[in-house]
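Scroll down for the structure; my scribbles are underneath it.
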Amino acid sequence: MAVTTGVGTISLARFINANLRGASQVFFQNNALTGFIILGALFWGAQAAGRLVIAFGAVAGLLIGTVTAMVLNADRGSLIQGLFGFNGILVGTALPTFLADHPLLWAYLAIGAAVSTVVTLAVANVVKAWGVPGSTAPFVLTTWLLLLGAYSLSNVPIAALSSPALPAIGTPAGQPAVDPLLVILAKNISQVYLIENVVTGVLFIIAIAVSSLRGAAFAVVGSVVSVMTAGVLGAKATAINAGLYGFSAVLTAMAIGAVFNPPSARVALYAVLATISTVIVQAALNTAVSPFGIPTLTSPYVLTMWLFLLPRADLAPHPHHLPVPQGPLTRK
Amino acid sequence: MAVTTGVGTISLARFINANLRGASQVFFQNNALTGFIILGALFWGAQAAGRLVIAFGAVAGLLIGTVTAMVLNADRGSLIQGLFGFNGILVGTALPTFLADHPLLWAYLAIGAAVSTVVTLAVANVVKAWGVPGSTAPFVLTTWLLLLGAYSLSNVPIAALSSPALPAIGTPAGQPAVDPLLVILAKNISQVYLIENVVTGVLFIIAIAVSSLRGAAFAVVGSVVSVMTAGVLGAKATAINAGLYGFSAVLTAMAIGAVFNPPSARVALYAVLATISTVIVQAALNTAVSPFGIPTLTSPYVLTMWLFLLPRADLAPHPHHLPVPQGPLTRK
Amino acid sequence: MAVTTGVGTISLARFINANLRGASQVFFQNNALTGFIILGALFWGAQAAGRLVIAFGAVAGLLIGTVTAMVLNADRGSLIQGLFGFNGILVGTALPTFLADHPLLWAYLAIGAAVSTVVTLAVANVVKAWGVPGSTAPFVLTTWLLLLGAYSLSNVPIAALSSPALPAIGTPAGQPAVDPLLVILAKNISQVYLIENVVTGVLFIIAIAVSSLRGAAFAVVGSVVSVMTAGVLGAKATAINAGLYGFSAVLTAMAIGAVFNPPSARVALYAVLATISTVIVQAALNTAVSPFGIPTLTSPYVLTMWLFLLPRADLAPHPHHLPVPQGPLTRK
């Protein structure tokens, strides 16, 4: 049996494998078993929240993202590694999380997941000159546009977005006590898939460990460092408790510490600085998106990861005293 | 007779020809007759709205943009094709549309149109690495800065900008009935030049058809698809009626379907997906610009066009499991 | 005696020299004496404002930025020229200016100054393809994130940021009379370091002149042109008086007129157009940052400088009639 699109055919087994790998690529893994556990954990978390629709949205987004890549005849090696599914699955998870379960939601989700593959190809082209990955930037851009659009489109009603508001100084008095650390640590990891559930977080860690112990270790380190940083800096306790200061930090710690740099003590320290920075960037982008009524998604991770991967050994800042190549002003 | 700047001379006939072509380049054409009809249609629409000043602004912006390119000794082939006029003409159309007819407006417009040529050269440099056109991005950037600036500058008073406001959920009750389809279809096209006028829209289509039947066909397809999409998704009827959900979609349909890809059924389908996406991006950017009190201009087209042109055959997303080139952390 | 980091050793004299040059690089100079005078002027201005803490913050940011570059084993030639200190010193100046003098401020400042060096390397990588300098963009990005973050972090309390507000049209009635021109001209220059002090401004000009008379001349020209432009366009008198319409314009005039282009009358005219544009961009970005409650910092300079340096002689905008390189849609 095979899955055929207008332009390509792939065996059903390979198609399923590619999609499972896609679910694992959100955590930088290329492993079908990891993806399988993640999908199970996602269903568990969605069911526990009484929002099974989120898990169905995830699967729909995953499949549509991959099929769109087949239709567009995109790079086959990338397809098989799941690199055209991991943005689609996140779009598919996010839309039912924030928008109401209206019939048109599913058309909106299908368009969004398909476009996320176009955006994945576009971002890959943009960033390739700098040797950094596009990562979940296509998910962030596509979902931001879909959520912002929902404010102007009455047939895709909003269910759970914070009202647009100007940033306010100061913390609400009487913060709730911070939850047990282990609970927060697990939620930091489950929130990568927008789920707030301890079991889901633990299963995610197991799923990562199946594929990469180093990856799982840095996920835990990122989770711990983010809670400490957010606590010391005085972030809102309800947000810390819900894992909202941790999910981007977890991804940064994995990317900088375990995925895109070779193992060393210096890399580990650099990853810790990047993780601390991600918490500050999370706080900053919470402020920045507030007037628009949208969540940051993984943008704090994407921005920080780029900033910490872009430095290169042979780089020197542009000296101030040498003229740049001459322009129209000096042409004969 | 000739037009001489500090650095270049060009015959008057060629100068006029370059400017007419500039007016046509807004619709991707390189045709003086097309430009002539467009200018006539622009005067018709401005006169009908009792704002002839808008057409004079357009002509001033066009001439200043082109002359600035001559002064800067910019690429002569591009100059003669009108590629330094089409951002200037849009700046010149937009400023009298949104700002009050105050004496300093014309100095502001002159600076803006001149700078739009600098920005055209700058954007061309930035995007050339990716093989995509700068298109009307210089117009959008320059005009946004000029309009945002007007909020802080009391001698360039604002006449017709929406007050800055946080995005609000929901559609106003009792929407007006949607206008006849043919009226909206024409306005979708006239609004590319910020004019809401049926005759202007029809003349624009004729002007495009004189140069490219395929271009005109995709303009109409873009107009139809945008109205259907905006209607199904529940966009505000007053905005649909005014052609405000169509002008960017028309440009996207032409760019993706007729200008930058060879003809094929697949390209046509891809152009339809891009057009649908432009409507959602238009809704999104309406929300995003709302706190700043500025219009989207053609930014929904520019963003969507880039996202749909950037994918390339040889592209593969950055694999997650391979290290990027090593940076300072690993240098000996 | 020497300064040793984990990876590099440098003599103490050379280390101090590199840091003094770093202070001078904010004004595009590579001169330890210039940096020494600037630091003195900074202490004078901070003391006069009763905020000596700002000068201490500056020194801390400068040292941390440089040491971080040593730890990261960054390009040694750039290090010795002070190119890893000038963003750190600005971060260190800005944070005590806008945030409260709380114990955690200094940890926040240390992280920010260290990260500014990472961001300097990152931005250098991003912009090198276009032959333009990163300049103070790393300072702007890093400081914006730190200030936005402070809105969400109760342990780094805000002391002196404008409350987030939607842009409002119109100028407050009864503007204060504009101060004597020479006072404003000096403050335009002192505000490059966020200081509003005539003596500091005069010392800065002397410091620049010690290294480059042409640079000092264009700093003065930029200061004069910015006051005239802001006055004619009707910018708020209190902002003009405080030098807030001049500091970015001063940097643009120096960059375009004296640093990155060879001397000529045409370059001087181009620099004047760039300076006028910087005032409009300053007005625009004042509006744009208003909902976020952060200052523009030197972003008007960075944006305008990039737009005016990016044009190149061999550049032609992308022609509309030629297809771009073919993508997935046309692959066999």
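Chain labels follow the order of the structure tokens: the first chain is A, the next B, and so on; residue numbering restarts at 1 in every chain, and ligands are counted from 1 in their shown order.
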- Query: For chain B, which residues have at least one atom within 7 Å of chain C, if we go by only C-alpha atoms? Write them as number ranges by chain, please.
  - Reply: B: 28, 74-75, 78, 83, 118-119, 121-122, 124-126, 131-134, 145-146, 148-149, 151-156, 164-165, 259-261, 266-267, 291-292, 311-313, 328-329
Taking C-alpha atoms for each residue, export the selection above as a PDB file, in the first residue's frame.
```pdb
ATOM      1  CA  PHE B  28       4.502  44.002 -12.915  1.00  0.00           C
ATOM      2  CA  ALA B  74      21.640  53.945 -10.487  1.00  0.00           C
ATOM      3  CA  ASP B  75      21.514  51.105 -13.006  1.00  0.00           C
ATOM      4  CA  SER B  78      16.463  49.402 -14.548  1.00  0.00           C
ATOM      5  CA  LEU B  83      11.929  50.154 -11.792  1.00  0.00           C
ATOM      6  CA  VAL B 118      17.396  54.796  -1.848  1.00  0.00           C
ATOM      7  CA  VAL B 119      15.273  52.151  -0.106  1.00  0.00           C
ATOM      8  CA  LEU B 121      18.370  50.072  -3.962  1.00  0.00           C
ATOM      9  CA  ALA B 122      18.825  48.939  -0.355  1.00  0.00           C
ATOM     10  CA  ALA B 124      17.338  45.070  -3.860  1.00  0.00           C
ATOM     11  CA  ASN B 125      20.706  44.444  -2.198  1.00  0.00           C
ATOM     12  CA  VAL B 126      19.134  42.682   0.766  1.00  0.00           C
ATOM     13  CA  GLY B 131      16.350  35.413  -5.839  1.00  0.00           C
ATOM     14  CA  VAL B 132      13.146  37.212  -4.936  1.00  0.00           C
ATOM     15  CA  PRO B 133      12.058  40.724  -5.938  1.00  0.00           C
ATOM     16  CA  GLY B 134      11.892  43.672  -3.534  1.00  0.00           C
ATOM     17  CA  LEU B 145       7.804  55.504   8.472  1.00  0.00           C
ATOM     18  CA  LEU B 146       6.345  58.708   7.025  1.00  0.00           C
ATOM     19  CA  LEU B 148       4.200  56.925  11.878  1.00  0.00           C
ATOM     20  CA  GLY B 149       6.350  60.042  11.862  1.00  0.00           C
ATOM     21  CA  TYR B 151       1.922  61.225  14.650  1.00  0.00           C
ATOM     22  CA  SER B 152       4.948  62.944  16.224  1.00  0.00           C
ATOM     23  CA  LEU B 153       5.283  65.896  13.824  1.00  0.00           C
ATOM     24  CA  SER B 154       2.670  68.624  14.162  1.00  0.00           C
ATOM     25  CA  ASN B 155       3.462  70.271  10.804  1.00  0.00           C
ATOM     26  CA  VAL B 156       2.477  67.212   8.758  1.00  0.00           C
ATOM     27  CA  PRO B 164      -4.547  53.662  17.096  1.00  0.00           C
ATOM     28  CA  ALA B 165      -6.527  50.995  18.930  1.00  0.00           C
ATOM     29  CA  VAL B 259       4.873  36.818 -13.429  1.00  0.00           C
ATOM     30  CA  PHE B 260       7.484  34.811 -11.539  1.00  0.00           C
ATOM     31  CA  ASN B 261       6.497  31.237 -12.455  1.00  0.00           C
ATOM     32  CA  ARG B 266       0.220  23.334 -10.740  1.00  0.00           C
ATOM     33  CA  VAL B 267       1.362  26.943 -10.710  1.00  0.00           C
ATOM     34  CA  PRO B 291      -2.207  49.727  17.708  1.00  0.00           C
ATOM     35  CA  PHE B 292      -0.030  51.926  15.486  1.00  0.00           C
ATOM     36  CA  PRO B 311      10.969  27.787  -1.739  1.00  0.00           C
ATOM     37  CA  ARG B 312      13.450  26.341  -4.176  1.00  0.00           C
ATOM     38  CA  ALA B 313      13.888  22.885  -5.634  1.00  0.00           C
ATOM     39  CA  PRO B 328      34.145  30.321  18.806  1.00  0.00           C
ATOM     40  CA  LEU B 329      33.395  27.662  21.390  1.00  0.00           C
TER      41      LEU B 329
END
```
- Item | DSSP-assigned helix (DSSP H, G or I) among stretch 151-303 of chain C, expressed as a ChimeraX atom specification | /C:151-152,181-193,198-211,213-233,237-241,247-259,265-292,299-303
- Task: Give me the residues within 6 Å of B:Asn197 as a PyMOL selection string, counting only C-alpha atoms and dropping any in the same chain fewer than 2 places off.
- Result: chain B and resi 45+187+195+199-200
When you look at C:Thr97 with a cut-off of 12 Å (counting only C-alpha atoms), what residues show up, excluding the ones that are within fewer than 5 positions of it in the same chain? I need them as a compact mmCIF listing (two decimals) with all heavy atoms, in the first residue's frame.
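The new file selection.txt reads:
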```txt
# COMPACT_ATOMS: atom_id res chain seq x y z
N ALA C 46 27.15 62.09 34.40
CA ALA C 46 26.41 61.26 35.35
C ALA C 46 26.40 61.90 36.73
O ALA C 46 25.37 61.94 37.43
CB ALA C 46 27.03 59.86 35.41
N ALA C 49 24.07 64.81 36.95
CA ALA C 49 22.66 64.39 37.03
C ALA C 49 22.37 63.69 38.36
O ALA C 49 21.26 63.23 38.59
CB ALA C 49 22.33 63.47 35.87
N GLY C 50 23.41 63.59 39.21
CA GLY C 50 23.21 62.89 40.48
C GLY C 50 23.02 61.39 40.29
O GLY C 50 22.44 60.72 41.14
N ARG C 51 23.48 60.86 39.16
CA ARG C 51 23.30 59.44 38.87
C ARG C 51 24.64 58.82 38.50
O ARG C 51 24.78 58.22 37.43
CB ARG C 51 22.30 59.23 37.71
CG ARG C 51 20.91 59.80 37.89
CD ARG C 51 20.09 59.08 38.98
NE ARG C 51 20.27 57.63 38.97
CZ ARG C 51 19.62 56.80 38.12
NH1 ARG C 51 18.77 57.27 37.26
NH2 ARG C 51 19.82 55.51 38.21
N LEU C 52 25.63 58.93 39.40
CA LEU C 52 26.95 58.39 39.12
C LEU C 52 26.88 56.89 38.79
O LEU C 52 27.74 56.35 38.08
CB LEU C 52 27.86 58.63 40.33
CG LEU C 52 29.34 58.82 40.06
CD1 LEU C 52 29.59 59.79 38.91
CD2 LEU C 52 30.04 59.33 41.32
N VAL C 53 25.81 56.26 39.28
CA VAL C 53 25.62 54.85 39.03
C VAL C 53 25.62 54.54 37.53
O VAL C 53 26.03 53.46 37.09
CB VAL C 53 24.31 54.37 39.71
CG1 VAL C 53 23.09 54.98 39.03
CG2 VAL C 53 24.22 52.87 39.74
N ILE C 54 25.18 55.51 36.73
CA ILE C 54 25.15 55.30 35.27
C ILE C 54 26.56 55.14 34.73
O ILE C 54 26.83 54.28 33.88
CB ILE C 54 24.41 56.48 34.59
CG1 ILE C 54 22.92 56.43 34.94
CG2 ILE C 54 24.62 56.46 33.08
CD1 ILE C 54 22.13 57.64 34.48
N ALA C 55 27.49 55.96 35.22
CA ALA C 55 28.88 55.85 34.76
C ALA C 55 29.51 54.53 35.21
O ALA C 55 30.27 53.90 34.47
CB ALA C 55 29.69 57.04 35.26
N PHE C 56 29.19 54.12 36.41
CA PHE C 56 29.71 52.82 36.87
C PHE C 56 29.13 51.69 36.03
O PHE C 56 29.83 50.73 35.69
CB PHE C 56 29.39 52.61 38.36
CG PHE C 56 30.17 53.52 39.26
CD1 PHE C 56 29.53 54.32 40.22
CD2 PHE C 56 31.55 53.61 39.16
CE1 PHE C 56 30.26 55.16 41.05
CE2 PHE C 56 32.29 54.46 39.99
CZ PHE C 56 31.64 55.24 40.94
N GLY C 57 27.87 51.80 35.72
CA GLY C 57 27.25 50.80 34.84
C GLY C 57 27.95 50.75 33.48
O GLY C 57 28.19 49.66 32.93
N ALA C 58 28.29 51.92 32.97
CA ALA C 58 28.97 51.99 31.67
C ALA C 58 30.30 51.25 31.72
O ALA C 58 30.61 50.43 30.85
CB ALA C 58 29.18 53.45 31.28
N LEU C 90 27.22 50.66 26.08
CA LEU C 90 25.91 51.29 25.92
C LEU C 90 24.84 50.53 26.71
O LEU C 90 23.96 51.15 27.33
CB LEU C 90 25.55 51.38 24.44
CG LEU C 90 26.38 52.40 23.64
CD1 LEU C 90 26.12 52.27 22.14
CD2 LEU C 90 26.07 53.82 24.11
N VAL C 91 24.91 49.20 26.71
CA VAL C 91 23.99 48.43 27.55
C VAL C 91 24.17 48.84 29.02
O VAL C 91 23.19 49.08 29.74
CB VAL C 91 24.23 46.91 27.39
CG1 VAL C 91 23.45 46.11 28.43
CG2 VAL C 91 23.87 46.44 25.98
N GLY C 92 25.43 48.96 29.42
CA GLY C 92 25.72 49.31 30.81
C GLY C 92 25.31 50.73 31.17
O GLY C 92 25.05 51.04 32.34
N LEU C 105 19.78 44.43 39.69
CA LEU C 105 20.10 45.19 38.48
C LEU C 105 21.49 44.83 37.98
O LEU C 105 21.71 44.71 36.77
CB LEU C 105 20.03 46.70 38.76
CG LEU C 105 20.59 47.60 37.66
CD1 LEU C 105 19.78 47.46 36.38
CD2 LEU C 105 20.63 49.06 38.10
N LEU C 109 22.50 43.47 34.48
CA LEU C 109 23.43 44.23 33.63
C LEU C 109 24.58 43.33 33.17
O LEU C 109 25.01 43.38 32.00
CB LEU C 109 23.95 45.44 34.40
CG LEU C 109 24.79 46.48 33.67
CD1 LEU C 109 24.64 47.83 34.37
CD2 LEU C 109 26.25 46.11 33.57
N THR C 143 19.23 45.68 24.67
CA THR C 143 18.62 46.55 25.67
C THR C 143 17.10 46.54 25.56
O THR C 143 16.40 46.55 26.59
CB THR C 143 19.18 47.99 25.53
OG1 THR C 143 20.60 47.93 25.55
CG2 THR C 143 18.69 48.88 26.65
N LEU C 147 14.77 45.64 28.70
CA LEU C 147 13.76 46.57 29.22
C LEU C 147 12.35 45.99 29.10
O LEU C 147 11.54 46.09 30.03
CB LEU C 147 13.85 47.92 28.49
CG LEU C 147 15.15 48.70 28.67
CD1 LEU C 147 15.09 50.02 27.90
CD2 LEU C 147 15.44 48.98 30.14
N ILE C 158 11.32 48.86 37.15
CA ILE C 158 11.52 49.97 36.21
C ILE C 158 11.53 51.29 36.97
O ILE C 158 10.74 51.50 37.89
CB ILE C 158 10.39 49.95 35.16
CG1 ILE C 158 10.57 48.74 34.24
CG2 ILE C 158 10.34 51.25 34.38
CD1 ILE C 158 9.38 48.43 33.39
N ALA C 159 12.46 52.18 36.60
CA ALA C 159 12.53 53.47 37.28
C ALA C 159 12.07 54.61 36.39
O ALA C 159 11.39 55.53 36.84
CB ALA C 159 13.96 53.74 37.75
N ALA C 160 12.42 54.57 35.11
CA ALA C 160 12.23 55.77 34.29
C ALA C 160 11.89 55.43 32.85
O ALA C 160 12.57 55.87 31.93
CB ALA C 160 13.48 56.65 34.35
N LEU C 161 10.85 54.64 32.65
CA LEU C 161 10.37 54.39 31.29
C LEU C 161 9.00 55.04 31.13
O LEU C 161 8.19 55.03 32.07
CB LEU C 161 10.27 52.88 31.02
CG LEU C 161 11.58 52.12 30.87
CD1 LEU C 161 11.32 50.62 30.76
CD2 LEU C 161 12.35 52.61 29.64
N GLN C 191 23.66 62.92 24.15
CA GLN C 191 22.61 61.90 24.25
C GLN C 191 22.97 60.60 23.54
O GLN C 191 22.29 59.59 23.71
CB GLN C 191 21.29 62.44 23.67
CG GLN C 191 20.54 63.40 24.59
CD GLN C 191 19.78 62.69 25.71
OE1 GLN C 191 19.99 61.51 25.97
NE2 GLN C 191 18.91 63.43 26.39
N TYR C 193 25.26 58.89 24.40
CA TYR C 193 25.50 58.07 25.60
C TYR C 193 24.38 58.25 26.62
O TYR C 193 24.59 58.04 27.82
CB TYR C 193 26.84 58.44 26.23
CG TYR C 193 28.00 57.58 25.77
CD1 TYR C 193 28.90 58.03 24.81
CD2 TYR C 193 28.19 56.30 26.28
CE1 TYR C 193 29.96 57.24 24.39
CE2 TYR C 193 29.24 55.51 25.86
CZ TYR C 193 30.13 55.98 24.93
OH TYR C 193 31.17 55.19 24.51
N LEU C 194 23.19 58.68 26.16
CA LEU C 194 22.00 58.82 27.02
C LEU C 194 22.18 59.84 28.13
O LEU C 194 21.50 59.78 29.16
CB LEU C 194 21.58 57.46 27.62
CG LEU C 194 21.24 56.38 26.59
CD1 LEU C 194 22.39 55.42 26.40
CD2 LEU C 194 19.99 55.62 27.01
N ILE C 195 23.09 60.78 27.94
CA ILE C 195 23.35 61.83 28.93
C ILE C 195 22.85 63.16 28.37
O ILE C 195 23.09 63.45 27.19
CB ILE C 195 24.87 61.94 29.21
CG1 ILE C 195 25.42 60.64 29.79
CG2 ILE C 195 25.20 63.15 30.09
CD1 ILE C 195 25.18 60.46 31.27
N GLU C 196 22.14 63.95 29.20
CA GLU C 196 21.69 65.27 28.74
C GLU C 196 22.51 66.32 29.48
O GLU C 196 22.16 66.74 30.59
CB GLU C 196 20.19 65.44 29.04
CG GLU C 196 19.66 66.78 28.55
CD GLU C 196 18.21 67.01 28.95
OE1 GLU C 196 17.51 66.03 29.29
OE2 GLU C 196 17.79 68.18 28.94
N PRO C 295 12.22 53.07 24.98
CA PRO C 295 12.75 54.15 24.13
C PRO C 295 13.29 53.58 22.82
O PRO C 295 13.58 52.38 22.72
CB PRO C 295 13.88 54.71 24.99
CG PRO C 295 14.35 53.56 25.82
CD PRO C 295 13.16 52.66 26.04
N LEU C 297 16.17 54.13 21.65
CA LEU C 297 17.64 54.00 21.68
C LEU C 297 18.20 54.49 20.34
O LEU C 297 17.67 55.45 19.79
CB LEU C 297 18.04 52.55 22.01
CG LEU C 297 17.42 51.99 23.32
CD1 LEU C 297 17.72 50.52 23.49
CD2 LEU C 297 17.88 52.79 24.53
```
- Name the residues in contact with C:Phe84 at a cut-off of 9 Å, using only C-alpha atoms, excluding same-chain residues fewer than 5 positions from it; report them as a list in words. Pro317 of chain A; Ala18, Asn19, Gly22, Leu62, Gly65, Thr66, Val67, Thr68, Ala69, Ala74, Ser78, Leu79, Ser116, Thr117, Thr120 and Leu121 of chain C
